[in-house]
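Raw contents of upload-v5.txt, compact mmCIF, C-alpha atoms and all ligand atoms:
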# COMPACT_ATOMS: atom_id res chain seq x y z
CA MET Z 1 122.10 49.60 181.96
CA GLY Z 2 119.51 52.35 181.51
CA LEU Z 3 116.20 51.98 179.70
CA PHE Z 4 115.16 53.33 176.32
CA LEU Z 5 111.66 53.95 175.00
CA HIS Z 6 111.05 53.87 171.25
CA VAL Z 7 107.86 55.21 169.65
CA ASP Z 8 106.85 54.42 166.05
CA MET Z 9 103.52 55.62 164.68
CA ASP Z 10 101.37 52.91 163.08
CA TYR Z 11 100.70 53.20 159.33
CA PHE Z 12 101.48 56.87 159.84
CA TYR Z 13 100.40 58.71 156.65
CA ALA Z 14 97.28 56.56 156.31
CA ALA Z 15 96.49 56.99 160.01
CA CYS Z 16 96.68 60.78 159.55
CA GLU Z 17 94.08 60.46 156.78
CA GLU Z 18 91.85 58.25 158.93
CA ALA Z 19 92.07 60.76 161.77
CA ARG Z 20 90.66 63.58 159.63
CA HIS Z 21 88.34 61.35 157.55
CA PRO Z 22 86.88 58.89 160.08
CA GLU Z 23 84.65 57.39 157.38
CA LEU Z 24 87.82 55.77 155.96
CA LYS Z 25 88.37 53.71 159.10
CA GLY Z 26 87.97 49.93 159.07
CA LYS Z 27 88.36 49.62 155.29
CA PRO Z 28 91.54 49.12 153.25
CA LEU Z 29 93.25 52.48 152.63
CA ALA Z 30 96.47 53.40 150.86
CA VAL Z 31 98.31 56.72 150.61
CA GLY Z 32 100.20 57.02 147.32
CA THR Z 33 102.61 59.26 145.50
CA GLN Z 34 100.21 60.42 142.77
CA THR Z 35 97.03 62.49 142.56
CA ILE Z 36 93.69 60.69 142.60
CA GLU Z 37 93.46 60.92 138.79
CA ASN Z 38 96.94 59.43 138.32
CA ARG Z 39 96.65 56.99 141.19
CA LEU Z 40 97.44 53.93 139.05
CA LYS Z 41 100.80 55.39 138.01
CA GLY Z 42 102.42 55.74 141.40
CA VAL Z 43 103.53 53.64 144.34
CA VAL Z 44 102.01 53.03 147.75
CA GLN Z 45 103.72 55.06 150.46
CA THR Z 46 101.91 53.29 153.22
CA CYS Z 47 98.58 51.62 153.89
CA ASN Z 48 96.48 50.69 156.89
CA TYR Z 49 96.51 47.21 158.38
CA GLU Z 50 93.24 46.25 156.65
CA ALA Z 51 95.08 46.75 153.34
CA ARG Z 52 98.20 44.97 154.62
CA ARG Z 53 96.13 41.89 155.36
CA LEU Z 54 95.40 41.75 151.62
CA GLY Z 55 99.12 41.80 150.83
CA ILE Z 56 99.48 45.51 150.05
CA HIS Z 57 102.62 47.26 151.37
CA SER Z 58 104.84 50.34 151.12
CA ALA Z 59 106.68 50.77 147.78
CA MET Z 60 104.25 48.49 145.92
CA PRO Z 61 103.02 49.95 142.61
CA THR Z 62 99.49 51.23 143.18
CA ALA Z 63 98.33 49.39 140.05
CA MET Z 64 99.21 46.15 141.82
CA ALA Z 65 97.51 47.30 145.03
CA PHE Z 66 94.27 47.96 143.14
CA LYS Z 67 94.56 44.53 141.57
CA LEU Z 68 94.75 42.98 145.03
CA CYS Z 69 91.87 45.15 146.24
CA PRO Z 70 89.71 46.81 143.57
CA THR Z 71 87.70 48.67 146.25
CA LEU Z 72 90.84 50.09 147.89
CA ASN Z 73 90.38 53.60 149.28
CA TYR Z 74 93.11 55.92 148.00
CA MET Z 75 94.46 59.25 149.25
CA PRO Z 76 97.21 61.28 147.57
CA ASP Z 77 100.28 62.19 149.62
CA ASP Z 78 99.73 65.36 151.67
CA TRP Z 79 103.16 65.67 153.30
CA LYS Z 80 102.43 69.11 154.68
CA HIS Z 81 99.65 67.69 156.79
CA TYR Z 82 101.71 64.68 157.89
CA LEU Z 83 104.59 66.92 158.86
CA GLU Z 84 102.29 69.07 160.92
CA MET Z 85 100.90 65.98 162.67
CA SER Z 86 104.44 64.69 163.16
CA GLY Z 87 105.36 67.95 164.89
CA ARG Z 88 102.42 67.56 167.27
CA VAL Z 89 103.32 63.94 168.02
CA MET Z 90 106.92 64.93 168.79
CA GLU Z 91 105.76 67.79 171.00
CA THR Z 92 103.71 65.35 173.05
CA ILE Z 93 106.65 62.98 173.38
CA LYS Z 94 109.07 65.77 174.30
CA SER Z 95 106.62 67.25 176.82
CA ARG Z 96 107.97 64.76 179.39
CA GLY Z 97 111.24 66.67 179.47
CA LEU Z 98 113.32 63.53 178.93
CA LYS Z 99 116.24 63.32 176.54
CA THR Z 100 114.57 62.63 173.18
CA GLU Z 101 115.87 61.97 169.68
CA VAL Z 102 113.53 62.41 166.73
CA ILE Z 103 114.58 59.69 164.31
CA SER Z 104 112.19 60.23 161.42
CA VAL Z 105 108.83 61.76 160.69
CA ASP Z 106 107.09 59.08 162.76
CA GLU Z 107 109.75 57.72 165.10
CA ALA Z 108 111.44 58.93 168.25
CA VAL Z 109 113.51 57.40 171.03
CA MET Z 110 113.88 58.56 174.61
CA ASP Z 111 116.57 57.91 177.17
CA LEU Z 112 114.77 56.91 180.38
CA GLY Z 113 117.96 56.76 182.44
CA GLU Z 114 117.55 54.75 185.62
CA MET Z 115 113.74 54.53 185.46
CA ASP Z 116 112.42 51.07 186.45
CA TYR Z 117 110.39 48.80 184.14
CA GLY Z 118 107.09 49.47 185.92
CA ARG Z 119 107.33 53.24 185.62
CA ALA Z 120 108.62 52.97 182.05
CA GLU Z 121 105.60 50.90 181.04
CA GLU Z 122 103.29 53.39 182.74
CA LEU Z 123 104.93 56.22 180.80
CA GLY Z 124 104.52 54.23 177.58
CA ASN Z 125 100.81 53.78 178.24
CA GLU Z 126 100.41 57.47 179.10
CA LEU Z 127 102.05 58.52 175.84
CA LYS Z 128 99.93 56.10 173.84
CA SER Z 129 96.67 57.41 175.30
CA GLU Z 130 97.71 61.04 175.02
CA ILE Z 131 98.67 60.70 171.35
CA SER Z 132 95.47 58.78 170.66
CA GLU Z 133 93.17 61.18 172.52
CA LYS Z 134 94.75 64.43 171.31
CA LEU Z 135 95.57 63.47 167.73
CA GLY Z 136 93.50 60.36 167.01
CA LEU Z 137 96.62 58.43 166.02
CA PRO Z 138 97.72 54.92 167.02
CA CYS Z 139 101.33 54.11 167.79
CA THR Z 140 103.48 51.30 169.10
CA ILE Z 141 106.04 51.59 171.86
CA GLY Z 142 109.04 49.42 172.69
CA ILE Z 143 110.98 49.57 175.95
CA SER Z 144 114.32 47.89 176.49
CA VAL Z 145 117.88 48.16 177.77
CA GLY Z 146 119.35 49.50 174.51
CA LYS Z 147 118.34 51.91 171.80
CA THR Z 148 118.43 49.16 169.16
CA TYR Z 149 116.51 46.64 171.26
CA ALA Z 150 113.81 49.20 172.08
CA LYS Z 151 113.25 49.70 168.35
CA MET Z 152 113.27 45.97 167.66
CA VAL Z 153 110.72 45.19 170.35
CA CYS Z 154 108.63 48.10 169.08
CA ASP Z 155 108.62 46.57 165.58
CA ALA Z 156 107.74 43.19 167.04
CA SER Z 157 104.78 44.66 168.96
CA LYS Z 158 103.04 46.39 166.03
CA PRO Z 159 100.32 47.54 165.61
CA ASN Z 160 98.97 49.52 168.56
CA GLY Z 161 101.17 47.65 171.00
CA LEU Z 162 103.50 48.20 173.91
CA GLY Z 163 106.37 45.74 174.29
CA VAL Z 164 108.84 45.51 177.15
CA LEU Z 165 112.00 43.49 176.58
CA LYS Z 166 113.92 43.01 179.80
CA GLY Z 167 117.71 42.84 179.86
CA GLU Z 168 117.73 39.18 180.81
CA ASP Z 169 115.49 38.30 177.84
CA VAL Z 170 117.39 40.16 175.12
CA LYS Z 171 119.60 37.27 174.05
CA SER Z 172 116.75 34.77 173.69
CA PHE Z 173 114.67 37.41 171.86
CA LEU Z 174 117.50 37.86 169.36
CA ARG Z 175 118.72 34.28 169.03
CA ASP Z 176 116.54 32.81 166.27
CA LYS Z 177 115.96 36.00 164.32
CA GLU Z 178 117.64 36.46 160.95
CA VAL Z 179 120.64 38.79 160.95
CA THR Z 180 118.75 41.30 158.78
CA LYS Z 181 116.46 41.92 161.75
CA LEU Z 182 119.40 43.45 163.58
CA LEU Z 183 119.36 47.15 162.81
CA GLY Z 184 121.99 48.22 160.36
CA ILE Z 185 122.41 44.82 158.73
CA GLY Z 186 121.16 45.07 155.16
CA GLU Z 187 120.90 42.48 152.42
CA LYS Z 188 124.51 42.94 151.32
CA THR Z 189 126.02 42.41 154.75
CA ALA Z 190 123.64 39.49 155.28
CA GLU Z 191 124.96 37.85 152.15
CA ARG Z 192 128.56 38.23 153.24
CA LEU Z 193 127.65 36.83 156.65
CA LYS Z 194 125.94 33.88 155.00
CA GLU Z 195 129.18 33.01 153.24
CA MET Z 196 130.61 32.73 156.75
CA LYS Z 197 127.70 30.41 157.68
CA ILE Z 198 126.10 33.10 159.84
CA THR Z 199 122.35 33.43 159.21
CA THR Z 200 120.75 34.07 162.61
CA ILE Z 201 121.64 36.63 165.25
CA GLY Z 202 122.49 33.67 167.48
CA ASP Z 203 125.11 32.55 164.93
CA LEU Z 204 126.50 36.07 164.95
CA ALA Z 205 126.70 36.06 168.75
CA ARG Z 206 128.85 32.91 168.60
CA ALA Z 207 131.12 34.14 165.80
CA LYS Z 208 134.70 35.21 166.43
CA PRO Z 209 134.73 38.99 167.04
CA LEU Z 210 138.21 39.37 165.53
CA VAL Z 211 137.11 37.68 162.31
CA LEU Z 212 134.06 39.93 162.12
CA GLU Z 213 136.24 42.95 162.73
CA SER Z 214 138.66 41.94 160.01
CA ARG Z 215 135.80 41.57 157.49
CA PHE Z 216 133.61 44.52 158.45
CA GLY Z 217 135.87 46.89 160.40
CA SER Z 218 134.53 48.55 163.53
CA TRP Z 219 130.96 47.78 162.44
CA GLY Z 220 131.89 44.09 162.73
CA LYS Z 221 132.72 44.51 166.37
CA GLU Z 222 129.58 46.54 166.95
CA MET Z 223 127.32 43.90 165.40
CA TYR Z 224 129.00 41.24 167.51
CA LEU Z 225 128.29 43.22 170.68
CA LEU Z 226 124.70 43.96 169.60
CA ALA Z 227 124.11 40.26 168.94
CA ASN Z 228 125.38 39.57 172.45
CA GLY Z 229 123.00 41.96 174.18
CA ILE Z 230 125.39 44.88 174.45
CA ASP Z 231 124.00 48.05 172.89
CA ASN Z 232 126.05 51.21 173.29
CA GLY Z 233 123.74 53.43 171.21
CA LYS Z 234 123.11 56.88 172.67
CA VAL Z 235 120.12 59.17 172.33
CA VAL Z 236 121.20 62.26 170.40
CA GLU Z 237 118.90 65.10 171.27
CA ASN Z 238 117.02 66.97 168.52
CA ALA Z 239 118.84 65.20 165.71
CA ALA Z 240 116.02 65.74 163.21
CA ALA Z 241 115.08 69.22 164.42
CA LEU Z 242 118.51 70.35 163.31
CA SER Z 243 117.85 69.60 159.68
CA ILE Z 244 114.96 70.10 157.28
CA GLY Z 245 114.62 67.70 154.41
CA ARG Z 246 112.30 66.07 151.93
CA GLU Z 247 112.53 62.79 150.09
CA ARG Z 248 110.25 61.07 147.65
CA THR Z 249 109.90 57.77 145.84
CA PHE Z 250 109.72 57.69 142.03
CA GLY Z 251 106.78 56.06 140.29
CA ARG Z 252 109.33 53.63 138.89
CA ASP Z 253 113.07 53.24 139.36
CA THR Z 254 115.01 55.63 137.14
CA ASP Z 255 118.48 56.71 136.08
CA ASP Z 256 117.18 59.54 133.92
CA LEU Z 257 118.89 62.74 135.09
CA GLU Z 258 116.03 64.81 133.76
CA ASP Z 259 113.47 63.00 135.92
CA ILE Z 260 115.81 63.16 138.86
CA GLY Z 261 116.47 66.86 138.27
CA ALA Z 262 112.74 67.60 138.15
CA MET Z 263 112.19 65.72 141.40
CA MET Z 264 115.14 67.44 143.08
CA LYS Z 265 113.79 70.82 141.99
CA GLU Z 266 110.44 70.04 143.54
CA LEU Z 267 112.01 68.75 146.75
CA ALA Z 268 114.38 71.73 147.02
CA HIS Z 269 111.39 74.00 146.64
CA GLU Z 270 109.49 72.20 149.40
CA VAL Z 271 112.50 72.30 151.70
CA MET Z 272 112.84 76.04 151.14
CA GLU Z 273 109.15 76.58 151.83
CA GLU Z 274 109.64 74.99 155.23
CA VAL Z 275 112.96 76.75 155.84
CA GLY Z 276 111.29 80.04 154.96
CA LYS Z 277 108.34 79.37 157.22
CA GLN Z 278 110.58 78.52 160.15
CA GLY Z 279 112.92 81.39 159.31
CA TYR Z 280 116.39 79.88 159.00
CA TRP Z 281 119.66 80.40 157.24
CA PHE Z 282 121.45 77.19 156.37
CA LYS Z 283 125.02 76.20 155.73
CA GLY Z 284 124.93 72.43 155.14
CA ILE Z 285 123.37 70.62 152.18
CA GLY Z 286 122.85 66.87 152.04
CA VAL Z 287 121.42 64.53 149.42
CA LYS Z 288 120.43 60.92 149.51
CA ALA Z 289 119.75 58.26 146.92
CA ARG Z 290 117.97 55.02 147.69
CA TYR Z 291 118.44 52.12 145.28
CA PRO Z 292 116.02 49.34 144.33
CA ASP Z 293 117.71 47.00 146.85
CA PHE Z 294 116.93 49.58 149.58
CA THR Z 295 120.56 50.46 150.21
CA GLU Z 296 121.21 54.18 150.43
CA LYS Z 297 124.04 56.57 149.74
CA ILE Z 298 124.33 60.09 151.10
CA LYS Z 299 126.55 63.04 150.30
CA ASN Z 300 126.92 66.23 152.27
CA ARG Z 301 128.58 69.56 151.66
CA LYS Z 302 129.25 72.44 153.99
CA LEU Z 303 129.14 75.91 152.42
CA SER Z 304 131.51 78.64 153.59
CA ASN Z 305 128.64 81.03 154.36
CA TYR Z 306 125.04 80.83 155.49
CA THR Z 307 122.47 81.20 152.74
CA ASP Z 308 118.76 80.97 152.07
CA SER Z 309 118.98 80.53 148.31
CA GLU Z 310 116.74 77.92 146.73
CA LYS Z 311 118.72 78.14 143.50
CA LEU Z 312 121.95 77.34 145.29
CA LEU Z 313 120.30 74.48 147.16
CA TYR Z 314 119.07 72.98 143.91
CA SER Z 315 122.30 73.38 141.97
CA ILE Z 316 124.53 71.99 144.73
CA GLY Z 317 121.98 69.26 145.38
CA MET Z 318 122.27 68.21 141.72
CA GLU Z 319 126.05 68.32 141.84
CA LEU Z 320 126.02 66.05 144.88
CA ILE Z 321 123.46 63.58 143.57
CA LYS Z 322 124.94 63.09 140.10
CA PRO Z 323 127.75 60.74 141.15
CA LEU Z 324 125.24 58.76 143.25
CA VAL Z 325 123.04 57.98 140.26
CA ASP Z 326 125.86 57.45 137.78
CA GLU Z 327 124.67 54.44 135.76
CA ARG Z 328 122.55 53.21 138.65
CA ARG Z 329 118.81 53.31 138.92
CA VAL Z 330 117.39 55.00 141.98
CA ARG Z 331 114.08 54.44 143.69
CA LYS Z 332 114.05 57.49 145.89
CA VAL Z 333 115.97 60.74 146.27
CA GLY Z 334 116.10 63.23 149.09
CA ILE Z 335 117.60 66.61 149.88
CA ARG Z 336 118.04 68.34 153.19
CA VAL Z 337 119.63 71.39 154.74
CA TYR Z 338 121.41 71.40 158.09
CA GLU Z 339 123.53 73.70 160.24
CA LEU Z 340 120.53 75.94 160.61
CA ASN Z 341 120.68 79.40 162.05
CA PRO Z 342 117.47 81.21 163.00
CA LYS Z 343 116.88 84.56 161.32
CA LYS Z 344 116.40 87.52 163.64
CA GLY Z 345 113.01 88.05 165.22
CA GLN Z 346 111.79 84.60 164.27
CA ARG Z 347 111.40 81.53 166.40
CA SER Z 348 114.68 80.02 167.51
CA LEU Z 349 115.66 76.35 167.80
P1 LIG Z 401 107.07 53.45 158.53
O1 LIG Z 401 107.14 53.76 160.00
O2 LIG Z 401 108.10 52.54 157.96
O3 LIG Z 401 105.66 52.81 158.17
P2 LIG Z 401 104.22 53.16 158.72
O4 LIG Z 401 104.27 54.12 159.85
O5 LIG Z 401 103.37 53.56 157.58
O6 LIG Z 401 103.70 51.74 159.21
P3 LIG Z 401 104.15 50.89 160.49
O7 LIG Z 401 105.17 51.70 161.23
O8 LIG Z 401 102.90 50.68 161.27
O9 LIG Z 401 104.70 49.63 159.92
O10 LIG Z 401 107.14 54.79 157.70
C1 LIG Z 401 106.57 56.01 158.15
C2 LIG Z 401 105.98 56.78 156.98
O11 LIG Z 401 106.97 57.01 155.98
C3 LIG Z 401 104.86 56.05 156.28
O12 LIG Z 401 103.60 56.26 156.91
C4 LIG Z 401 104.92 56.63 154.89
C5 LIG Z 401 106.37 56.97 154.68
N1 LIG Z 401 107.00 55.95 153.80
C6 LIG Z 401 107.10 56.19 152.43
O13 LIG Z 401 106.70 57.25 151.94
N2 LIG Z 401 107.64 55.23 151.61
C7 LIG Z 401 108.09 54.02 152.10
O14 LIG Z 401 108.57 53.17 151.34
C8 LIG Z 401 107.99 53.78 153.54
C9 LIG Z 401 108.45 52.47 154.11
C10 LIG Z 401 107.43 54.76 154.33
MG MG Z 402 105.61 53.86 161.47

Kindly transcribe the structure held in the file into structure tokens.
Amino acid sequence: MGLFLHVDMDYFYAACEEARHPELKGKPLAVGTQTIENRLKGVVQTCNYEARRLGIHSAMPTAMAFKLCPTLNYMPDDWKHYLEMSGRVMETIKSRGLKTEVISVDEAVMDLGEMDYGRAEELGNELKSEISEKLGLPCTIGISVGKTYAKMVCDASKPNGLGVLKGEDVKSFLRDKEVTKLLGIGEKTAERLKEMKITTIGDLARAKPLVLESRFGSWGKEMYLLANGIDNGKVVENAAALSIGRERTFGRDTDDLEDIGAMMKELAHEVMEEVGKQGYWFKGIGVKARYPDFTEKIKNRKLSNYTDSEKLLYSIGMELIKPLVDERRVRKVGIRVYELNPKKGQRSL
């Protein structure tokens, strides 16, 4: 089995703020959805580890965060800056010329092929120092025999760590963890598994694959294999580069179509700013709704022709999102464009 290397930036938005405002380092800091003046009305997007030690975390109302830490340092979301930093991080990671998938603004995974553990660890350390020296940002790296395991060992090594999980250790690493720690298993699936007396990944590994398949379809078989140390996940090159999107959390959960419309308008505008800057036509439109229980639904539509119309993006985005919020509160919405085609004379993909 080949090796995979997963990179996840530590407390990313807040780390970007620390990098350009070093005086913020070493003290609790949160980045939130609202301006400084309205800081008590929003939610925490992320916070540094000093703040986490006080119990503050992503998605917590900022009012609560300030209760936990009245001297909390606060910065308003500056996504343009974080996106720019993200681009520079990804450039550094891709500079090795290995097959790389950008997973989110602060996460990427690389296929290391037949590289051995020693060389993989060396590469991990090189990337960590390069990202730290060039950009002043900390990150954590996980290396393992599967895409999922590399991410899991990365999570387990945070912050500022480098974890290597060898093939022979995967099963014992997984055994006592709760099923929700296995990527893709959310609260709902966990509950259904619990009814089958499966609570740990070890339980899942011992379950009957046919029973799992009958309950959960092909995903049932996949989770059984994952629990048994078999990870068939592939690195899909440039997945994120092929779409441009924005998503944002509401100050409080809402099912008000007016609020949602206003947010979608803002997000569509931001997407088009970026699309315009990079010079693309687009053909695909996708929306996403995240609910208070952190489950998500997405909807996509392919247009018959390429376009660069913000108005069209917004109106189709609204059409797609409406059924997703029908009588359900949402915590976060997102909109993205894909199937991009570079305009003439501008930079190509
Ligand atoms: P994460 O990688 O989940 O979190 P993080 O990088 O802040 O912290 P760490 O990885 O060390 O645990 O998310 C990346 C960025 O995405 C995060 O910096 C801010 C943003 N984000 C939100 O805006 N809202 C959220 O609820 C979460 C979880 C993240
Ligand atoms: Mg992160």

CA of Leu183 in chain Z to CA of His81 in chain Z, straight-line distance in Å: 29.1 Å

Please check which protein, DNA or RNA residues sit within 6 Å of ligand LIG 401 (chain Z), counting all atoms listed in the file, and write them as a compact mmCIF listing (two decimals) with C-alpha atoms, in the frame of the given file.
# COMPACT_ATOMS: atom_id res chain seq x y z
CA ASP Z 8 106.85 54.42 166.05
CA MET Z 9 103.52 55.62 164.68
CA ASP Z 10 101.37 52.91 163.08
CA TYR Z 11 100.70 53.20 159.33
CA PHE Z 12 101.48 56.87 159.84
CA TYR Z 13 100.40 58.71 156.65
CA GLN Z 45 103.72 55.06 150.46
CA THR Z 46 101.91 53.29 153.22
CA SER Z 58 104.84 50.34 151.12
CA ALA Z 59 106.68 50.77 147.78
CA ASP Z 106 107.09 59.08 162.76
CA PRO Z 159 100.32 47.54 165.61

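Look at range 304-308 of chain Z: the protein and nucleic acid residues within 7 Å of it, using all atoms listed in the file and passing over chain neighbours fewer than 4 places away, are Z:Trp281, Z:Phe282, Z:Lys283.
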
Distance in Å - CA of Met110 in chain Z versus CA of Cys139 in chain Z: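 According to the coordinates, CA of Met110 in chain Z and CA of Cys139 in chain Z are separated by 15.0 Å.
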
Which residue of Z:Lys299, Z:Lys221, Z:Lys25, Z:Arg331 approaches Asp255 in chain Z most closely, using all atoms listed in the file: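 Once distances to Asp255 in chain Z are computed over all atoms listed in the file, the minimum belongs to Z:Arg331.
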
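Residue nearest Phe216 in chain Z, chosen from Z:Ala63, Z:Met264, Z:Ile201, Z:Ala190 and counting only C-alpha atoms: Z:Ala190.
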
Exercise: Ala19 in chain Z partners within 8 Å, all atoms listed in the file, chain neighbours under 6 positions left out, as a ChimeraX atom specification: /Z:135-137

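Picture a line from CA of Lys27 in chain Z to CA of Glu50 in chain Z; it runs 6.1 Å.
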
Shortest interatomic distance to Ile141 in chain Z - which of Z:Lys297, Z:His269, Z:His6, Z:Lys194, counting all atoms listed in the file: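 Going through Z:Lys297, Z:His269, Z:His6, Z:Lys194 one by one, the smallest distance to Ile141 in chain Z is for Z:His6.
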
Using all atoms listed in the file: which of Z:Asp77, Z:Glu107, Z:Glu237, Z:Glu23 has the shortest distance to ligand MG 402 (chain Z):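 Under the stated criterion, the closest residue is Z:Glu107.
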
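Nearest residue to ligand MG 402 (chain Z) among Z:Pro138, Z:Lys302, Z:Arg88, Z:Gly55 is Z:Pro138, counting all atoms listed in the file.
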
Top pick for closest residue to Asn125 in chain Z, considering Z:Cys16, Z:Leu112, Z:Val235, Z:Leu162 and counting only C-alpha atoms: Z:Leu162

Spatial neighbours of Thr100 in chain Z, max dist 12 Å, all atoms listed in the file, sep filter under 3 positions, as a list of chain:residue names: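 Near Thr100 in chain Z, the qualifying residues are Z:Phe4, Z:Leu5, Z:His6, Z:Val7, Z:Met90, Z:Glu91, Z:Thr92, Z:Ile93, Z:Lys94, Z:Ser95, Z:Arg96, Z:Gly97, Z:Ile103, Z:Glu107, Z:Ala108, Z:Val109, Z:Met110, Z:Asp111, Z:Leu112, Z:Gly113, Z:Lys147, Z:Lys234, Z:Val235, Z:Val236, Z:Glu237, Z:Asn238, Z:Ala239, Z:Ala240, Z:Ala241.
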
Selection as a PyMOL selection string: residues within 12 Å of (114.9, 64.8, 137.9), counting all atoms listed in the file: chain Z and resi 248-250+253-268+314+317-318+321-322+325+330-334

Test item: residues at most 12 Å from Arg175 in chain Z, only C-alpha atoms, excluding those fewer than 6 positions along its chain, as a list in words: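 Using only C-alpha atoms, the neighbours found are Asp169, Lys181, Leu182, Ile198, Thr199, Thr200, Ile201, Gly202, Asp203, Leu204, Ala205, Arg206, Leu226, Ala227, Asn228 and Gly229 of chain Z.
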
Residues within 8 Å of Tyr149 in chain Z, all atoms listed in the file, excluding chain neighbours under 5 positions, as a ChimeraX atom specification: /Z:143-144,165,170,231

Because the input lacks atoms here, generate N, CA, C and O atoms for range 292-307 of chain Z and report them as an mmCIF file, keeping the file's coordinate frame.
data_model
loop_
_atom_site.group_PDB
_atom_site.id
_atom_site.type_symbol
_atom_site.label_atom_id
_atom_site.label_comp_id
_atom_site.auth_asym_id
_atom_site.auth_seq_id
_atom_site.Cartn_x
_atom_site.Cartn_y
_atom_site.Cartn_z
ATOM 1 N N PRO Z 292 117.082 50.352 144.291
ATOM 2 C CA PRO Z 292 116.020 49.340 144.330
ATOM 3 C C PRO Z 292 116.238 48.269 145.403
ATOM 4 O O PRO Z 292 115.283 47.695 145.885
ATOM 5 N N ASP Z 293 117.492 48.019 145.803
ATOM 6 C CA ASP Z 293 117.710 47.000 146.850
ATOM 7 C C ASP Z 293 117.628 47.612 148.248
ATOM 8 O O ASP Z 293 118.043 46.991 149.224
ATOM 9 N N PHE Z 294 117.142 48.863 148.318
ATOM 10 C CA PHE Z 294 116.930 49.580 149.580
ATOM 11 C C PHE Z 294 118.201 50.032 150.274
ATOM 12 O O PHE Z 294 118.143 50.572 151.364
ATOM 13 N N THR Z 295 119.376 49.840 149.633
ATOM 14 C CA THR Z 295 120.560 50.460 150.210
ATOM 15 C C THR Z 295 120.502 51.940 149.872
ATOM 16 O O THR Z 295 119.798 52.351 148.945
ATOM 17 N N GLU Z 296 121.244 52.740 150.629
ATOM 18 C CA GLU Z 296 121.210 54.180 150.430
ATOM 19 C C GLU Z 296 122.626 54.744 150.404
ATOM 20 O O GLU Z 296 123.529 54.185 151.023
ATOM 21 N N LYS Z 297 122.774 55.840 149.673
ATOM 22 C CA LYS Z 297 124.040 56.570 149.740
ATOM 23 C C LYS Z 297 123.708 58.019 150.026
ATOM 24 O O LYS Z 297 122.719 58.543 149.504
ATOM 25 N N ILE Z 298 124.540 58.677 150.833
ATOM 26 C CA ILE Z 298 124.330 60.090 151.100
ATOM 27 C C ILE Z 298 125.601 60.863 150.803
ATOM 28 O O ILE Z 298 126.697 60.306 150.797
ATOM 29 N N LYS Z 299 125.417 62.150 150.528
ATOM 30 C CA LYS Z 299 126.550 63.040 150.300
ATOM 31 C C LYS Z 299 126.199 64.384 150.913
ATOM 32 O O LYS Z 299 125.078 64.864 150.747
ATOM 33 N N ASN Z 300 127.160 64.946 151.615
ATOM 34 C CA ASN Z 300 126.920 66.230 152.270
ATOM 35 C C ASN Z 300 127.960 67.253 151.846
ATOM 36 O O ASN Z 300 129.080 66.888 151.492
ATOM 37 N N ARG Z 301 127.592 68.496 151.876
ATOM 38 C CA ARG Z 301 128.580 69.560 151.660
ATOM 39 C C ARG Z 301 128.296 70.749 152.570
ATOM 40 O O ARG Z 301 127.153 71.151 152.739
ATOM 41 N N LYS Z 302 129.366 71.267 153.140
ATOM 42 C CA LYS Z 302 129.250 72.440 153.990
ATOM 43 C C LYS Z 302 129.657 73.656 153.189
ATOM 44 O O LYS Z 302 130.729 73.687 152.608
ATOM 45 N N LEU Z 303 128.801 74.680 153.137
ATOM 46 C CA LEU Z 303 129.140 75.910 152.420
ATOM 47 C C LEU Z 303 130.004 76.789 153.329
ATOM 48 O O LEU Z 303 130.031 76.588 154.540
ATOM 49 N N SER Z 304 130.671 77.794 152.734
ATOM 50 C CA SER Z 304 131.510 78.640 153.590
ATOM 51 C C SER Z 304 130.676 79.715 154.292
ATOM 52 O O SER Z 304 131.080 80.247 155.321
ATOM 53 N N ASN Z 305 129.494 80.023 153.726
ATOM 54 C CA ASN Z 305 128.640 81.030 154.360
ATOM 55 C C ASN Z 305 127.205 80.539 154.478
ATOM 56 O O ASN Z 305 126.777 79.691 153.702
ATOM 57 N N TYR Z 306 126.467 81.125 155.410
ATOM 58 C CA TYR Z 306 125.040 80.830 155.490
ATOM 59 C C TYR Z 306 124.320 81.383 154.276
ATOM 60 O O TYR Z 306 124.722 82.406 153.711
ATOM 61 N N THR Z 307 123.244 80.725 153.870
ATOM 62 C CA THR Z 307 122.470 81.200 152.740
ATOM 63 C C THR Z 307 121.009 80.845 152.937
ATOM 64 O O THR Z 307 120.670 80.085 153.849
#
